[in-house]
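J.: What follows is entry-v2.tsv; its format and atoms are TSV, C-alpha atoms.
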chain	number	residue	atom	x	y	z
A	793	MET	CA	0.00	0.00	0.00
A	794	VAL	CA	1.26	3.48	-0.83
A	795	PHE	CA	1.34	5.99	1.99
A	796	LEU	CA	1.10	9.72	1.50
A	797	PRO	CA	2.66	12.33	1.66
A	798	LEU	CA	5.10	11.66	-1.16
A	799	GLU	CA	8.47	13.22	-1.80
A	800	THR	CA	11.68	12.49	-3.65
A	801	GLU	CA	15.24	13.64	-3.03
A	802	LEU	CA	14.50	16.87	-4.88
A	803	PHE	CA	10.73	17.39	-4.88
A	804	TYR	CA	7.64	17.33	-2.71
A	805	TYR	CA	4.01	18.15	-3.38
A	806	GLU	CA	1.31	20.20	-1.75
A	807	HIS	CA	-2.34	20.59	-2.37
A	808	LEU	CA	-3.07	24.00	-3.92
A	809	LEU	CA	-4.94	25.25	-0.85
A	810	ASP	CA	-2.51	23.86	1.77
A	811	SER	CA	-0.92	27.29	2.05
A	812	THR	CA	-1.97	30.83	1.21
A	813	ASP	CA	1.56	31.25	-0.19
A	814	ASN	CA	0.61	28.83	-2.97
A	815	LEU	CA	-1.97	31.24	-4.36
A	816	ASN	CA	0.79	33.85	-4.65
A	817	LEU	CA	3.33	31.40	-6.09
A	818	ILE	CA	1.04	30.36	-8.94
A	819	LYS	CA	1.08	33.94	-10.25
A	820	ASP	CA	4.62	33.25	-11.51
A	821	PHE	CA	3.73	29.92	-13.13
A	822	CYS	CA	4.53	30.04	-16.84
A	823	VAL	CA	3.92	27.80	-19.84
A	824	LYS	CA	6.23	28.78	-22.70
A	825	ASN	CA	4.48	26.87	-25.48
A	826	PRO	CA	1.60	28.97	-26.89
A	827	SER	CA	-0.64	25.90	-27.17
A	828	GLY	CA	-0.32	25.41	-23.40
A	829	GLN	CA	-1.63	28.83	-22.45
A	830	GLY	CA	-4.89	27.24	-21.30
A	831	LEU	CA	-2.91	25.30	-18.69
A	832	GLU	CA	-1.35	28.52	-17.40
A	833	ARG	CA	-4.73	30.23	-17.36
A	834	TYR	CA	-6.25	27.30	-15.47
A	835	ILE	CA	-3.77	27.37	-12.59
A	836	LYS	CA	-3.96	31.15	-12.27
A	837	GLU	CA	-7.68	31.75	-12.80
A	838	LEU	CA	-9.75	28.58	-12.40
A	839	ALA	CA	-8.04	26.05	-10.13
A	840	GLU	CA	-9.05	27.74	-6.88
A	841	SER	CA	-12.74	27.83	-7.81
A	842	ASP	CA	-12.63	24.17	-8.95
A	843	GLU	CA	-11.15	23.34	-5.55
A	844	LYS	CA	-13.91	25.16	-3.73
A	845	ASP	CA	-16.76	23.55	-5.67
A	846	GLY	CA	-15.16	20.08	-5.64
A	847	SER	CA	-14.71	19.82	-9.41
A	848	ALA	CA	-11.01	18.98	-9.29
A	849	ARG	CA	-8.04	18.73	-6.95
A	850	THR	CA	-4.86	20.56	-7.93
A	851	TYR	CA	-1.41	19.74	-6.61
A	852	LEU	CA	1.81	21.72	-6.86
A	853	VAL	CA	5.10	19.84	-7.11
A	854	LYS	CA	7.83	21.97	-5.54
A	855	ASP	CA	11.59	21.99	-5.31
A	856	LYS	CA	12.63	20.92	-1.78
A	857	PHE	CA	15.41	23.47	-1.62
A	858	THR	CA	14.08	26.56	-3.40
A	859	HIS	CA	10.35	25.84	-2.92
A	860	GLU	CA	9.73	26.95	-6.51
A	861	ILE	CA	6.83	25.33	-8.33
A	862	VAL	CA	8.22	22.65	-10.64
A	863	ALA	CA	4.89	21.53	-12.09
A	864	TYR	CA	1.25	21.17	-11.26
A	865	PHE	CA	-1.43	18.61	-11.97
A	866	SER	CA	-5.17	18.45	-11.45
A	867	MET	CA	-7.19	15.28	-11.11
A	868	LYS	CA	-10.84	14.36	-10.95
A	869	ASN	CA	-12.96	11.25	-11.03
A	870	GLY	CA	-14.10	10.10	-14.40
A	871	LEU	CA	-14.77	7.26	-16.73
A	872	PHE	CA	-14.52	6.59	-20.39
A	873	THR	CA	-16.58	4.33	-22.56
A	874	ILE	CA	-15.60	1.97	-25.33
A	875	ASP	CA	-18.03	0.73	-27.93
A	876	ALA	CA	-18.64	-2.98	-27.27
A	877	GLY	CA	-20.72	-3.40	-30.42
A	878	ASN	CA	-24.39	-4.19	-30.99
A	879	GLY	CA	-25.44	-0.95	-29.29
A	880	TYR	CA	-23.60	-1.72	-26.04
A	881	PHE	CA	-20.66	0.04	-24.49
A	882	TYR	CA	-18.22	-0.73	-21.72
A	883	SER	CA	-17.43	1.90	-19.05
A	884	ILE	CA	-13.95	2.00	-17.55
A	885	PRO	CA	-13.78	3.68	-14.11
A	886	SER	CA	-10.84	6.05	-14.18
A	887	VAL	CA	-9.12	9.14	-12.94
A	888	GLU	CA	-8.82	12.05	-15.34
A	889	LEU	CA	-5.51	13.88	-15.30
A	890	SER	CA	-7.37	17.03	-16.27
A	891	ASN	CA	-4.41	19.43	-16.18
A	892	PHE	CA	-0.69	18.70	-16.22
A	893	ALA	CA	2.05	21.23	-16.88
A	894	VAL	CA	5.69	21.86	-16.08
A	895	ASN	CA	6.64	25.38	-15.05
A	896	SER	CA	8.74	26.97	-17.82
A	897	SER	CA	10.16	29.42	-15.29
A	898	TYR	CA	11.53	26.52	-13.25
A	899	ARG	CA	13.06	24.96	-16.38
A	900	LYS	CA	14.73	28.29	-17.18
A	901	ASN	CA	16.12	28.65	-13.64
A	902	HIS	CA	17.30	25.01	-13.55
A	903	PRO	CA	18.49	24.07	-17.06
A	904	ASP	CA	20.11	20.86	-15.80
A	905	ALA	CA	16.77	19.51	-14.55
A	906	LYS	CA	15.65	16.81	-16.97
A	907	ASN	CA	12.55	14.66	-17.42
A	908	LEU	CA	10.46	16.81	-15.12
A	909	GLY	CA	7.09	15.78	-16.58
A	910	SER	CA	7.93	12.07	-16.48
A	911	THR	CA	9.27	12.38	-12.94
A	912	VAL	CA	6.20	14.21	-11.67
A	913	PHE	CA	3.94	11.63	-13.32
A	914	ALA	CA	5.84	8.60	-11.98
A	915	GLU	CA	6.62	9.93	-8.50
A	916	PHE	CA	3.44	11.86	-7.69
A	917	VAL	CA	0.50	11.31	-10.07
A	918	LEU	CA	0.64	7.51	-10.32
A	919	PRO	CA	1.19	6.91	-6.59
A	920	ILE	CA	-1.81	9.10	-5.74
A	921	VAL	CA	-3.99	7.24	-8.26
A	922	LYS	CA	-2.79	3.89	-6.93
A	923	PHE	CA	-3.52	5.05	-3.38
A	924	LEU	CA	-7.05	6.06	-4.42
A	925	ARG	CA	-7.43	2.66	-6.04
A	926	THR	CA	-7.20	1.05	-2.61
A	927	PHE	CA	-10.51	2.80	-1.75
A	928	VAL	CA	-12.51	2.89	-5.01
A	929	GLY	CA	-12.57	1.07	-8.32
A	930	ILE	CA	-10.12	2.59	-10.78
A	931	GLN	CA	-8.93	0.73	-13.84
A	932	ALA	CA	-7.19	3.51	-15.76
A	933	ILE	CA	-5.92	7.05	-15.85
A	934	TYR	CA	-6.61	9.22	-18.88
A	935	ILE	CA	-5.74	12.58	-20.31
A	936	TYR	CA	-6.85	14.77	-23.19
A	937	ALA	CA	-3.47	15.71	-24.66
A	938	LEU	CA	-2.83	18.80	-26.72
A	939	PRO	CA	-2.68	17.66	-30.36
A	940	GLU	CA	1.08	17.98	-30.80
A	941	ASP	CA	3.10	15.05	-32.11
A	942	LYS	CA	6.00	15.70	-29.70
A	943	LEU	CA	3.66	15.75	-26.69
A	944	ILE	CA	1.72	12.66	-27.79
A	945	LYS	CA	5.00	10.81	-28.31
A	946	HIS	CA	6.11	11.90	-24.83
A	947	TYR	CA	2.89	10.61	-23.25
A	948	LYS	CA	3.44	7.29	-25.04
A	949	THR	CA	6.87	7.02	-23.39
A	950	MET	CA	5.06	7.51	-20.07
A	951	GLY	CA	2.81	4.52	-20.79
A	952	PHE	CA	-0.25	6.20	-22.35
A	953	HIS	CA	-1.97	4.74	-25.40
A	954	ARG	CA	-4.36	5.96	-28.04
A	955	LEU	CA	-7.48	4.14	-29.05
A	956	ASP	CA	-8.09	3.17	-32.64
A	957	PRO	CA	-9.79	6.02	-34.54
A	958	GLU	CA	-13.33	4.57	-34.29
A	959	ASP	CA	-13.09	4.03	-30.51
A	960	GLU	CA	-11.49	7.44	-30.03
A	961	GLN	CA	-14.38	9.04	-31.90
A	962	PHE	CA	-16.82	7.14	-29.66
A	963	VAL	CA	-15.07	8.54	-26.55
A	964	HIS	CA	-15.11	12.04	-28.01
A	965	GLN	CA	-18.84	11.83	-28.66
A	966	HIS	CA	-19.75	10.52	-25.20
A	967	VAL	CA	-17.47	11.88	-22.50
A	968	LYS	CA	-15.07	14.51	-23.85
A	969	PRO	CA	-15.45	17.90	-22.12
A	970	LYS	CA	-16.02	20.91	-24.36
A	971	TYR	CA	-12.91	22.66	-23.04
A	972	ASP	CA	-10.79	19.76	-24.35
A	973	ASP	CA	-12.01	20.33	-27.90
A	974	GLY	CA	-9.27	19.42	-30.35
A	975	CYS	CA	-7.31	17.39	-27.79
A	976	VAL	CA	-6.34	13.74	-28.18
A	977	PHE	CA	-7.71	11.14	-25.75
A	978	MET	CA	-4.99	8.93	-24.25
A	979	TYR	CA	-5.24	6.37	-21.47
A	980	GLN	CA	-3.14	4.08	-19.32
A	981	LEU	CA	-4.52	0.92	-17.74
A	982	LEU	CA	-3.40	0.33	-14.16
As structure tokens, how would this structure be written, given the file I've shared?

T.:
Amino acid sequence: MVFLPLETELFYYEHLLDSTDNLNLIKDFCVKNPSGQGLERYIKELAESDEKDGSARTYLVKDKFTHEIVAYFSMKNGLFTIDAGNGYFYSIPSVELSNFAVNSSYRKNHPDAKNLGSTVFAEFVLPIVKFLRTFVGIQAIYIYALPEDKLIKHYKTMGFHRLDPEDEQFVHQHVKPKYDDGCVFMYQLL
């Protein structure tokens, strides 16, 4: 069984609302890639309200020595459906990794830091999901990835898969949120 809190030699995590300092720190969070501006906007403008209404939980991964934000991720309960044929579908209970971004400012300040996204996913996201799995049924984790080949390839190296085009279209028609329009559904079975 996984026990929380989690930390590594270099990083630890906090829930967004664990400290009032966090709401000030997120003001400096930056996503360099123009296609990721929605992720920057989310952490700065929407994450706190999603926390308060219970829509999502957001976590900040921080540097143990400088306490800078390395990355953030948001999670919420979800499911996705796969067409089982003959008018039936199969629902897969899951956790949605609804937001996931590395802080470009941290990368700039620490150019030797490598594999930050993969590290955050392996050391923080997956252990939390596996911990939750000890309490409720969870068979997968999924994400709606920005439609960039480099990013999709990166998620594949982290263990995510794409559905075949017909099944992906089925997912898009049944459970894809409007704000993820244009994004690519990817999943990882646990």

J.: Quick one: everything within 10 Å of Glu840 (chain A), counting all atoms listed in the file, minus sequence neighbours fewer than 5 positions away in the same chain. Send it as a list in words.

T.: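 The contact residues come out as Leu808, Leu809, Leu815, Tyr834, Ile835, Asp845, Gly846, Ala848, Arg849 and Thr850 of chain A.
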
J.: Just write the chosen residues, C-alpha atoms, as a PDB file, in the frame of the given file.

T.:
ATOM      1  CA  LEU A 808      -3.070  24.000  -3.920  1.00  0.00           C
ATOM      2  CA  LEU A 809      -4.940  25.250  -0.850  1.00  0.00           C
ATOM      3  CA  LEU A 815      -1.970  31.240  -4.360  1.00  0.00           C
ATOM      4  CA  TYR A 834      -6.250  27.300 -15.470  1.00  0.00           C
ATOM      5  CA  ILE A 835      -3.770  27.370 -12.590  1.00  0.00           C
ATOM      6  CA  ASP A 845     -16.760  23.550  -5.670  1.00  0.00           C
ATOM      7  CA  GLY A 846     -15.160  20.080  -5.640  1.00  0.00           C
ATOM      8  CA  ALA A 848     -11.010  18.980  -9.290  1.00  0.00           C
ATOM      9  CA  ARG A 849      -8.040  18.730  -6.950  1.00  0.00           C
ATOM     10  CA  THR A 850      -4.860  20.560  -7.930  1.00  0.00           C
TER      11      THR A 850
END

J.: What's around region 872-887 of chain A at 7 Å? Count all atoms listed in the file, leave out sequence neighbours fewer than 2 positions away in its own chain, and write the answer as a ChimeraX atom specification.

T.: /A:867-870,889,929-934,959,962-963,967

J.: Counting all atoms listed in the file, figure out which residue out of A:Leu838, A:Val862, A:Leu852, A:Cys822 gets nearest to Asn907 (chain A).

T.: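 Checking each candidate against Asn907 (chain A), we get A:Val862 as the closest.
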
J.: Which residue, A:Thr911, A:His807, A:Asn895, A:Ser890, has the smallest gap to Met978 (chain A) when you use all atoms listed in the file?

T.: A:Ser890

J.: Of the candidates A:Leu908, A:Ala863, A:Ile920, A:Met950, which shows the shortest atom-to-atom distance to Phe821 (chain A), using all atoms listed in the file?

T.: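 Ranking A:Leu908, A:Ala863, A:Ile920, A:Met950 by distance to Phe821 (chain A), first place goes to A:Ala863.
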
J.: Please, what distance in Å, to one decimal, runs between CA of Ser827 (chain A) and CA of Phe865 (chain A)?

T.: 16.9 Å

J.: Counting only C-alpha atoms, figure out which residue out of A:Phe916, A:Phe892, A:Tyr851, A:Tyr979 gets nearest to Thr800 (chain A).

T.: A:Phe916

J.: For a quick check of understanding, using all atoms listed in the file, which of A:Ile861, A:Asp855, A:Gly830, A:Leu982 has the smallest distance to Leu924 (chain A)?

T.: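 Ranking A:Ile861, A:Asp855, A:Gly830, A:Leu982 by distance to Leu924 (chain A), first place goes to A:Leu982.
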
J.: Could you please give me, as JSON, numbers by chain, the residues of protein, DNA or RNA lying at most 12 Å from (1.3, 34.5, -9.2) in the coordinate frame of the file, considering only C-alpha atoms?

T.: {"A": [812, 813, 814, 815, 816, 817, 818, 819, 820, 821, 822, 832, 833, 835, 836, 837, 860, 861, 897]}

J.: Have a look at A:Ala839, A:Val823, A:Val853, A:Ile944 and name the one nearest to Glu806 (chain A); count all atoms listed in the file.

T.: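 The shortest atom-to-atom distance to Glu806 (chain A) comes from A:Val853.
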
J.: Is there a way to get, as a list in words, all residues within 12 Å of the point (2.6, 9.2, -25.9) in file coordinates, counting all atoms listed in the file?

T.: Ser910, Tyr934, Ile935, Tyr936, Ala937, Leu938, Pro939, Glu940, Asp941, Lys942, Leu943, Ile944, Lys945, His946, Tyr947, Lys948, Thr949, Met950, Gly951, Phe952, His953, Arg954, Leu955, Val976, Phe977, Met978, Tyr979 and Gln980 of chain A
